[in-house]
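As stored in final-v2.cif (mmCIF, C-alpha atoms):
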data_work
#
loop_
_atom_site.label_atom_id
_atom_site.label_comp_id
_atom_site.auth_asym_id
_atom_site.auth_seq_id
_atom_site.Cartn_x
_atom_site.Cartn_y
_atom_site.Cartn_z
CA MET A 1 102.65 128.17 72.18
CA LEU A 2 103.92 126.46 75.32
CA TYR A 3 102.96 129.43 77.50
CA SER A 4 99.52 129.59 75.86
CA LYS A 5 99.03 125.92 76.59
CA ILE A 6 99.96 126.43 80.24
CA GLU A 7 97.64 129.44 80.51
CA ILE A 8 94.68 127.53 79.02
CA SER A 9 95.33 124.53 81.25
CA ILE A 10 95.53 126.69 84.36
CA ARG A 11 92.20 128.30 83.53
CA LYS A 12 90.66 124.87 83.13
CA ILE A 13 91.68 123.76 86.60
CA LEU A 14 90.99 126.95 88.58
CA CYS A 15 87.55 125.69 89.54
CA ILE A 16 88.99 122.33 90.54
CA LEU A 17 91.62 123.98 92.73
CA MET A 18 89.03 126.19 94.41
CA VAL A 19 86.88 123.19 95.29
CA VAL A 20 89.88 121.19 96.49
CA PHE A 21 91.31 123.91 98.71
CA VAL A 22 87.96 124.88 100.22
CA GLY A 23 87.26 121.24 101.00
CA VAL A 24 90.61 120.40 102.53
CA MET A 25 90.75 123.60 104.56
CA GLY A 26 87.46 122.61 106.09
CA ILE A 27 88.81 119.16 106.87
CA SER A 28 92.02 120.54 108.37
CA GLY A 29 90.08 122.64 110.85
CA SER A 30 89.50 119.53 112.94
CA SER A 31 93.19 118.49 112.87
CA SER A 32 94.93 117.56 116.08
CA GLY A 33 97.96 119.73 115.21
CA GLN A 34 100.50 117.00 114.52
CA THR A 35 103.24 117.68 112.01
CA SER A 36 102.95 116.18 108.56
CA GLN A 37 104.93 113.12 107.70
CA SER A 38 107.61 113.58 105.09
CA PRO A 39 108.04 110.98 102.34
CA SER A 40 111.32 109.83 103.86
CA ASP A 41 109.72 109.13 107.23
CA SER A 42 106.72 107.25 105.84
CA PRO A 43 105.96 103.81 107.26
CA ASP A 44 106.17 100.66 105.21
CA VAL A 45 102.64 99.95 104.00
CA SER A 46 103.45 96.24 104.09
CA SER A 47 104.05 96.42 107.83
CA PRO A 48 101.00 95.75 110.04
CA GLY A 49 102.34 98.29 112.51
CA SER A 50 101.80 101.07 109.98
CA LEU A 51 98.04 100.53 109.84
CA THR A 52 95.78 102.81 111.85
CA GLY A 53 93.12 100.21 112.62
CA PRO A 54 91.31 97.12 111.32
CA ILE A 55 90.14 99.23 108.36
CA SER A 56 92.33 101.85 106.71
CA GLY A 57 93.06 102.94 103.18
CA TYR A 58 93.96 105.65 100.73
CA MET A 59 92.42 107.37 97.72
CA ASP A 60 93.49 109.82 95.04
CA PHE A 61 91.94 111.58 92.10
CA HIS A 62 93.77 113.46 89.39
CA TYR A 63 93.38 116.06 86.68
CA ASN A 64 95.85 115.38 83.85
CA ASN A 65 96.20 117.70 80.87
CA ARG A 66 98.74 116.45 78.35
CA GLU A 67 99.92 118.79 75.62
CA ASN A 68 97.60 118.90 72.58
CA GLU A 69 95.05 116.65 74.29
CA ASP A 70 91.84 117.19 76.23
CA GLY A 71 92.16 117.19 80.00
CA ILE A 72 91.16 114.08 81.94
CA LEU A 73 89.62 114.03 85.41
CA ASP A 74 90.01 110.57 86.93
CA PHE A 75 89.28 109.08 90.34
CA HIS A 76 92.42 107.04 89.99
CA ARG A 77 92.42 104.85 93.08
CA PHE A 78 90.11 103.79 95.89
CA VAL A 79 91.97 101.44 98.23
CA LEU A 80 90.87 99.72 101.42
CA LEU A 81 93.21 97.87 103.77
CA PHE A 82 91.81 95.33 106.19
CA SER A 83 93.87 93.92 109.05
CA HIS A 84 93.25 91.56 111.93
CA SER A 85 95.36 90.30 114.83
CA PHE A 86 94.70 86.69 115.66
CA SER A 87 97.13 87.06 118.54
CA ASP A 88 100.17 89.12 119.49
CA ARG A 89 102.22 86.95 117.12
CA ILE A 90 99.90 86.28 114.19
CA ARG A 91 98.51 89.11 112.05
CA PHE A 92 96.66 89.40 108.77
CA VAL A 93 96.93 92.35 106.33
CA SER A 94 95.13 92.87 103.02
CA GLU A 95 94.84 95.62 100.40
CA LEU A 96 92.00 95.78 97.89
CA GLU A 97 92.29 98.41 95.15
CA LEU A 98 89.78 99.75 92.65
CA GLU A 99 91.39 101.74 89.83
CA HIS A 100 89.59 104.26 87.60
CA ALA A 101 86.29 103.99 89.53
CA LEU A 102 84.52 101.40 87.37
CA VAL A 103 85.11 97.81 86.28
CA SER A 104 83.10 96.53 83.30
CA ASN A 105 83.54 95.14 79.80
CA GLU A 106 83.54 98.69 78.41
CA ALA A 107 85.59 100.43 81.14
CA VAL A 108 89.35 100.52 81.79
CA GLY A 109 89.02 100.08 85.55
CA GLU A 110 90.69 97.29 87.51
CA LEU A 111 89.90 95.56 90.79
CA GLU A 112 93.03 94.06 92.32
CA LEU A 113 93.99 92.26 95.50
CA GLU A 114 97.42 93.83 95.98
CA GLN A 115 98.15 92.38 99.42
CA ALA A 116 96.68 89.56 101.48
CA TYR A 117 99.18 87.92 103.79
CA VAL A 118 99.64 86.46 107.25
CA ASP A 119 102.59 87.51 109.38
CA PHE A 120 103.98 85.05 111.91
CA LEU A 121 105.95 87.26 114.31
CA ILE A 122 108.64 85.14 115.93
CA THR A 123 111.43 87.51 116.98
CA ARG A 124 112.42 91.05 116.12
CA SER A 125 115.05 89.74 113.71
CA PHE A 126 113.17 86.82 112.14
CA ASN A 127 109.52 86.64 111.08
CA VAL A 128 107.63 84.70 108.40
CA ARG A 129 105.20 86.21 105.87
CA ALA A 130 103.03 84.30 103.35
CA GLY A 131 100.26 85.18 100.90
CA MET A 132 99.90 87.96 98.34
CA LEU A 133 103.03 90.09 98.76
CA LEU A 134 104.45 93.34 97.43
CA ALA A 135 107.86 92.81 95.85
CA PRO A 136 110.30 94.76 98.06
CA VAL A 137 111.96 96.47 95.07
CA GLY A 138 112.59 100.23 95.15
CA ILE A 139 111.14 103.03 97.23
CA ILE A 140 107.61 103.37 95.90
CA ASN A 141 106.42 99.79 95.48
CA GLU A 142 105.91 99.24 99.22
CA ARG A 143 105.22 102.91 100.05
CA HIS A 144 102.87 104.14 97.36
CA GLU A 145 100.21 106.19 99.18
CA PRO A 146 99.75 109.75 97.82
CA PRO A 147 101.01 111.65 100.91
CA VAL A 148 104.40 109.89 100.91
CA PHE A 149 105.75 111.00 97.53
CA HIS A 150 105.85 114.26 95.59
CA GLY A 151 104.20 114.64 92.21
CA VAL A 152 100.68 113.76 91.14
CA GLU A 153 101.76 110.55 89.40
CA ARG A 154 104.30 108.06 90.66
CA PRO A 155 107.81 108.51 89.20
CA PHE A 156 108.36 107.16 85.69
CA VAL A 157 111.20 104.95 86.93
CA ASP A 158 108.84 103.42 89.48
CA THR A 159 106.29 102.72 86.76
CA LEU A 160 108.15 101.68 83.62
CA ILE A 161 111.41 100.22 84.98
CA ILE A 162 110.18 98.94 88.36
CA PRO A 163 106.57 97.98 87.58
CA THR A 164 104.87 99.54 90.59
CA THR A 165 102.60 98.21 91.94
CA TRP A 166 104.42 94.86 91.71
CA PHE A 167 102.74 92.07 93.66
CA ASP A 168 102.18 88.33 93.50
CA THR A 169 101.87 85.22 95.65
CA GLY A 170 104.83 84.23 97.76
CA VAL A 171 106.39 83.39 101.10
CA GLY A 172 109.42 84.76 102.89
CA VAL A 173 111.08 86.24 105.94
CA HIS A 174 111.65 89.73 107.30
CA GLY A 175 113.04 91.43 110.37
CA ASP A 176 115.13 94.14 111.99
CA LEU A 177 118.79 93.41 112.57
CA ARG A 178 121.34 95.21 114.70
CA HIS A 179 123.07 98.46 113.74
CA GLY A 180 120.03 99.92 111.96
CA LEU A 181 119.63 97.19 109.34
CA ARG A 182 116.34 95.64 108.29
CA TYR A 183 115.58 93.12 105.57
CA ARG A 184 112.89 91.33 103.57
CA ALA A 185 113.47 88.22 101.43
CA TYR A 186 110.73 86.37 99.55
CA VAL A 187 110.19 83.55 97.08
CA MET A 188 107.44 84.66 94.67
CA SER A 189 105.67 83.74 91.45
CA PRO A 190 107.76 84.76 88.42
CA LEU A 191 107.06 87.23 85.64
CA ASP A 192 105.42 86.19 82.37
CA SER A 193 107.67 87.31 79.52
CA THR A 194 104.86 87.09 76.95
CA GLY A 195 103.60 90.38 78.42
CA PHE A 196 106.89 92.28 77.96
CA SER A 197 106.94 95.21 75.52
CA ALA A 198 109.17 97.90 74.05
CA HIS A 199 107.18 100.72 75.67
CA GLU A 200 106.65 99.40 79.21
CA GLY A 201 109.43 96.84 79.58
CA ILE A 202 108.48 94.12 82.06
CA ARG A 203 105.41 95.90 83.47
CA GLU A 204 102.73 93.75 81.84
CA GLY A 205 104.61 90.60 82.79
CA ARG A 206 103.19 90.71 86.33
CA GLN A 207 100.91 87.71 86.94
CA LYS A 208 99.22 89.36 89.97
CA GLY A 209 98.40 86.11 91.71
CA ALA A 210 95.72 85.11 89.18
CA GLN A 211 96.50 81.39 88.75
CA SER A 212 100.16 82.33 88.44
CA ASN A 213 102.35 79.94 86.50
CA VAL A 214 105.11 78.71 88.83
CA ARG A 215 107.12 76.41 86.59
CA SER A 216 110.00 78.08 88.41
CA LEU A 217 109.97 80.47 91.35
CA ALA A 218 111.53 83.94 91.53
CA GLY A 219 113.56 85.36 94.39
CA THR A 220 113.47 88.94 95.63
CA GLY A 221 114.78 90.84 98.61
CA ARG A 222 115.66 94.19 100.11
CA LEU A 223 118.19 95.42 102.66
CA GLU A 224 117.83 98.85 104.29
CA TYR A 225 119.96 100.94 106.62
CA VAL A 226 118.02 103.25 108.96
CA GLY A 227 120.60 103.73 111.68
CA HIS A 228 121.14 107.46 111.17
CA ARG A 229 118.39 109.98 111.87
CA GLY A 230 116.78 111.25 108.67
CA LEU A 231 118.71 108.83 106.43
CA VAL A 232 117.42 105.70 104.67
CA LEU A 233 119.68 103.72 102.32
CA GLY A 234 118.40 100.68 100.47
CA THR A 235 119.21 98.09 97.87
CA SER A 236 116.96 95.42 96.37
CA PHE A 237 116.92 92.71 93.73
CA TRP A 238 114.69 90.40 91.71
CA THR A 239 115.76 87.28 89.87
CA GLY A 240 113.78 84.55 88.14
CA ASP A 241 113.03 82.64 84.96
CA THR A 242 110.15 83.94 82.84
CA GLY A 243 109.71 81.53 79.91
CA PHE A 244 106.42 79.67 79.98
CA GLN A 245 102.93 79.55 78.41
CA ASP A 246 103.63 79.19 74.67
CA LEU A 247 107.40 79.63 75.06
CA ARG A 248 109.69 76.62 75.14
CA PHE A 249 113.03 78.35 75.49
CA ASP A 250 114.79 79.99 78.41
CA THR A 251 114.11 83.60 79.33
CA SER A 252 114.80 85.31 82.65
CA VAL A 253 114.84 88.67 84.42
CA ARG A 254 117.39 89.95 86.90
CA MET A 255 117.01 93.41 88.39
CA VAL A 256 119.15 95.35 90.83
CA GLU A 257 118.19 98.62 92.48
CA PHE A 258 119.80 101.20 94.78
CA ASP A 259 118.10 104.11 96.54
CA GLY A 260 118.60 106.71 99.23
CA ARG A 261 116.54 109.30 101.11
CA TYR A 262 117.74 112.04 103.42
CA ARG A 263 115.82 114.62 105.46
CA HIS A 264 117.45 117.47 107.37
CA GLY A 265 115.22 120.19 108.74
CA GLU A 266 112.98 121.36 105.93
CA PHE A 267 115.18 119.95 103.14
CA GLU A 268 114.77 116.50 101.67
CA ALA A 269 116.54 114.61 98.88
CA ARG A 270 115.98 111.20 97.39
CA GLY A 271 117.36 109.19 94.52
CA GLU A 272 116.95 105.80 92.91
CA TYR A 273 118.69 103.71 90.26
CA ALA A 274 117.29 100.50 88.76
CA HIS A 275 118.77 98.24 86.08
CA GLY A 276 117.10 95.17 84.60
CA PHE A 277 118.82 92.38 82.66
CA LEU A 278 116.46 90.38 80.41
CA ASP A 279 117.92 87.19 78.98
CA GLY A 280 116.54 85.39 75.91
CA MET A 281 114.72 88.40 74.49
CA GLY A 282 116.01 87.81 70.95
CA GLU A 283 114.24 84.44 70.86
CA LEU A 284 111.20 85.97 72.53
CA ASN A 285 110.90 88.70 69.88
CA THR A 286 111.26 86.20 67.05
CA SER A 287 108.76 83.80 68.59
CA ARG A 288 106.13 86.47 69.20
CA GLN A 289 106.53 87.77 65.67
CA ARG A 290 105.85 84.29 64.30
CA THR A 291 102.81 83.67 66.52
CA VAL A 292 101.09 87.10 66.57
CA GLY A 293 102.64 88.78 63.52
CA VAL A 294 104.38 91.63 65.35
CA SER A 295 107.65 91.65 67.26
CA PRO A 296 107.38 93.25 70.73
CA ASN A 297 110.99 94.46 70.27
CA VAL A 298 111.78 93.78 73.94
CA ALA A 299 115.22 94.95 75.08
CA ARG A 300 117.82 92.82 76.79
CA GLN A 301 118.48 95.63 79.30
CA VAL A 302 116.30 98.37 80.78
CA ARG A 303 117.45 101.03 83.19
CA GLY A 304 116.41 104.26 84.85
CA PHE A 305 117.26 106.68 87.64
CA TYR A 306 115.93 109.81 89.24
CA LEU A 307 117.09 112.52 91.62
CA GLU A 308 114.65 114.66 93.59
CA SER A 309 114.91 117.49 96.09
CA SER A 310 112.22 119.29 98.03
CA TYR A 311 111.96 122.05 100.60
CA PHE A 312 109.17 122.97 102.99
CA ILE A 313 108.78 126.72 102.54
CA SER A 314 105.97 127.04 105.09
CA PRO A 315 106.59 124.45 107.79
CA ARG A 316 104.71 126.39 110.46
CA PRO A 317 102.11 126.37 111.84
CA ALA A 318 101.54 122.64 111.74
CA PRO A 319 99.85 120.79 110.19
CA ARG A 320 99.48 123.11 107.18
CA GLU A 321 102.75 122.69 105.28
CA LEU A 322 103.82 123.49 101.74
CA ALA A 323 106.76 121.83 99.98
CA LEU A 324 108.26 122.77 96.63
CA PHE A 325 110.00 119.98 94.72
CA VAL A 326 111.87 119.23 91.52
CA ARG A 327 112.71 115.81 90.11
CA TYR A 328 114.85 114.75 87.16
CA GLU A 329 114.29 111.28 85.67
CA ASN A 330 116.12 109.39 82.96
CA PHE A 331 114.69 106.04 81.86
CA ASP A 332 115.08 103.78 78.85
CA THR A 333 113.10 100.60 78.17
CA GLN A 334 115.32 99.98 75.10
CA HIS A 335 118.69 100.49 76.79
CA ARG A 336 120.41 97.48 75.21
CA MET A 337 118.87 95.39 72.43
CA PRO A 338 119.33 91.71 71.46
CA THR A 339 121.46 91.03 68.39
CA GLY A 340 119.55 91.83 65.22
CA PHE A 341 117.08 94.26 66.82
CA GLN A 342 117.28 98.06 66.80
CA PRO A 343 116.24 100.33 69.72
CA LEU A 344 113.24 102.60 69.29
CA LYS A 345 114.47 106.06 70.27
CA GLU A 346 111.07 107.27 71.52
CA PHE A 347 111.52 104.96 74.50
CA ASP A 348 114.82 106.57 75.55
CA ARG A 349 113.27 109.30 77.68
CA ASP A 350 113.95 111.86 80.38
CA ALA A 351 111.68 114.17 82.34
CA TRP A 352 111.76 117.23 84.57
CA VAL A 353 108.91 117.28 87.07
CA PHE A 354 108.44 120.31 89.31
CA GLY A 355 105.64 121.59 91.48
CA PHE A 356 104.37 121.61 95.05
CA THR A 357 102.70 119.43 97.66
CA TYR A 358 100.43 121.11 100.20
CA PHE A 359 99.50 119.29 103.41
CA PRO A 360 96.38 120.83 105.00
CA ASP A 361 96.51 117.80 107.29
CA PRO A 362 99.33 115.26 107.76
CA ASP A 363 97.25 112.63 105.96
CA ILE A 364 96.04 114.78 103.05
CA ALA A 365 98.13 115.97 100.10
CA VAL A 366 97.12 118.54 97.49
CA LYS A 367 99.52 118.33 94.56
CA LEU A 368 100.32 120.29 91.42
CA ASP A 369 103.15 119.63 89.01
CA TYR A 370 104.26 120.37 85.47
CA THR A 371 106.08 117.57 83.64
CA VAL A 372 108.47 118.27 80.78
CA LEU A 373 108.94 114.94 78.98
CA ARG A 374 111.46 114.41 76.19
CA ASN A 375 112.77 111.49 74.13
CA GLN A 376 115.55 110.83 71.61
CA SER A 377 113.26 110.38 68.61
CA ASP A 378 113.14 112.90 65.76
CA VAL A 379 109.67 111.69 64.78
CA VAL A 380 107.65 110.88 67.92
CA ILE A 381 106.98 113.86 70.18
CA ALA A 382 106.82 113.34 73.95
CA PRO A 383 104.06 115.60 75.36
CA ASP A 384 104.41 117.85 78.39
CA SER A 385 101.63 117.72 80.96
CA LEU A 386 100.03 119.75 83.73
CA ASN A 387 98.74 117.64 86.62
CA VAL A 388 96.67 118.36 89.72
CA GLY A 389 95.83 115.80 92.37
CA LEU A 390 94.24 115.27 95.75
CA GLY A 391 95.25 112.24 97.77
CA TRP A 392 94.67 111.09 101.32
CA TRP A 393 95.02 108.14 103.62
CA PHE A 394 93.39 107.21 106.91
#

Mind turning the file's structure into structure tokens?
Amino acid sequence: MLYSKIEISIRKILCILMVVFVGVMGISGSSSGQTSQSPSDSPDVSSPGSLTGPISGYMDFHYNNRENEDGILDFHRFVLLFSHSFSDRIRFVSELELEHALVSNEAVGELELEQAYVDFLITRSFNVRAGMLLAPVGIINERHEPPVFHGVERPFVDTLIIPTTWFDTGVGVHGDLRHGLRYRAYVMSPLDSTGFSAHEGIREGRQKGAQSNVRSLAGTGRLEYVGHRGLVLGTSFWTGDTGFQDLRFDTSVRMVEFDGRYRHGEFEARGEYAHGFLDGMGELNTSRQRTVGVSPNVARQVRGFYLESSYFISPRPAPRELALFVRYENFDTQHRMPTGFQPLKEFDRDAWVFGFTYFPDPDIAVKLDYTVLRNQSDVVIAPDSLNVGLGWWF
């Protein structure tokens, strides 16, 4: 049955693939011949120096066919970045994103201002940033354009454990230190624990700068080592209280994360581990059950990790390059429960994701992957999926 499902899905997307490849091959004919940029070498989207001009952006659309469901074709993201230099030392950067093509009362689309900040560039080692900021947690949150990661969708860990894209209002400092170290440290609006859930953990607790409640501020930061060619090592954190709105007891979130990326020749590896500690979730569950009738069954700990390797099997001639990849993820939004609450086993999940990324141009990625998703439940089945995507930035 599994092979039949794959065969049917492949037939469904043959026409899509033909259109995609014909289109991108035509685009690549005008390429300047530069080599494609690997995910490990990608610039930080939050850095003004990574922008190509006063207007830049990225887009992606996907075909997703989950097991036993109809396929979905979705123009997932249309993103424009606007930047302006007031002077050599004062710069403005913004990112406006439209998700799922349409925003209306009947549609599921979203229009979000994911970044809008001013950088005051003082010295190489110390600069000030203020406005709408991306939380510097993990690999993907600050570097989430389609050409800089493998797989049609962003990793599960960077969606359900680290709620990419994670942004809010804040102010902080950043800079490059000696010996290959660079840092970012911000004070930001906190999470809203009334949005936490068993399925998605803290994801829906993001306030997104929309009249964010700042009864208390959160702190976040990241330290990276980039002193060895092809190697990036990083660690990041988030800490802050979360209890407000209709809650009158203390809740908080602390998260720690570690990651690494390494590129040597045509081989690349990356990995990430994230662990969140959620305090006061027993009281939260009880309170929400009293007020809305259903307990969100939020855990007191969530955690996840992934390991990924890829290899460029056709690195020449540039810029047309093809990389095969495989990624293993293990993630659990019910890792540890408050006293008196039982974990839901369908949220203890792991996944194998394998496929390819084809770069007809350094800034264009054609992707195909097959995702084998499993959970620990004997009742709820986790569906596999076949995914095809086209993403680009400019």

Q. Quick one: of A:Tyr63, A:Phe244, A:Tyr370, A:Phe237, who's nearest to A:Pro383, counting all atoms listed in the file?
A.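 Checking each candidate against A:Pro383, we get A:Tyr370 as the closest.
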
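Counting from atom CA of A:Glu200, the distance to atom CA of A:Ser104 is 24.1 Å.
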
**Q.** Near-stretch 75-87 of chain A list (12 Å; only C-alpha atoms; drop same-chain fewer than 4 positions) as a ChimeraX atom specification
**A.** /A:45-64,91-102,108-122,144-146,152-154,388-394

Q) Could you work out how far atom CA of A:Trp238 lies from atom CA of A:Asp176, giving the answer in Å with one decimal? A)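 Answer for the atom CA of A:Asp176 to atom CA of A:Trp238 separation: 20.6 Å.
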
Q. Which polymer residues have any atom within 10 Å of an atom of A:Ala351, counting all atoms listed in the file, with same-chain residues fewer than 3 positions away left out, as number ranges by chain?
A. A: 155-156, 306, 327-331, 354, 371-375, 382, 384

Q | From A:Thr291, A:Thr159, A:Ser193, A:Gln211, residue lying nearest A:Arg303 [all atoms listed in the file] | A | A:Thr159

Q. Any idea what the distance is between atom CA of A:Phe126 and atom CA of A:Glu224?
A.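 We find that atom CA of A:Phe126 and atom CA of A:Glu224 lie 15.1 Å from each other.
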
Q) How would you write, as an MDAnalysis selection string, the residues chosen by the PyMOL selection byres ((chain A and resi 254-262) around 8) on this structure? A) chainID A and resid 40 137:139 230:240 252:253 263:264 268:278

Q.
Given the PyMOL selection byres ((chain A and resi 177) around 10) and the file above, list the residues it selects as an MDAnalysis selection string.
A. chainID A and resid 124:126 174:176 178:183 224:225

Saved selection, atoms kept: C-alpha atoms, as a compact mmCIF listing (two decimals), keeping the file's coordinate frame:
# COMPACT_ATOMS: atom_id res chain seq x y z
CA ARG A 124 112.42 91.05 116.12
CA SER A 125 115.05 89.74 113.71
CA PHE A 126 113.17 86.82 112.14
CA HIS A 174 111.65 89.73 107.30
CA GLY A 175 113.04 91.43 110.37
CA ASP A 176 115.13 94.14 111.99
CA ARG A 178 121.34 95.21 114.70
CA HIS A 179 123.07 98.46 113.74
CA GLY A 180 120.03 99.92 111.96
CA LEU A 181 119.63 97.19 109.34
CA ARG A 182 116.34 95.64 108.29
CA TYR A 183 115.58 93.12 105.57
CA GLU A 224 117.83 98.85 104.29
CA TYR A 225 119.96 100.94 106.62

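Of the residues listed (A:Gln334, A:Asn285, A:Ser314, A:Thr339), A:Gln334 shows the shortest atom-to-atom separation from A:Gln301; distances use only C-alpha atoms.
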
Q: Determine the residue set returned by the PyMOL selection byres ((chain A and resi 68-70) around 10) for the present structure, and present it as a PyMOL selection string.
A: chain A and resi 5+9+64-67+71-73+383-385
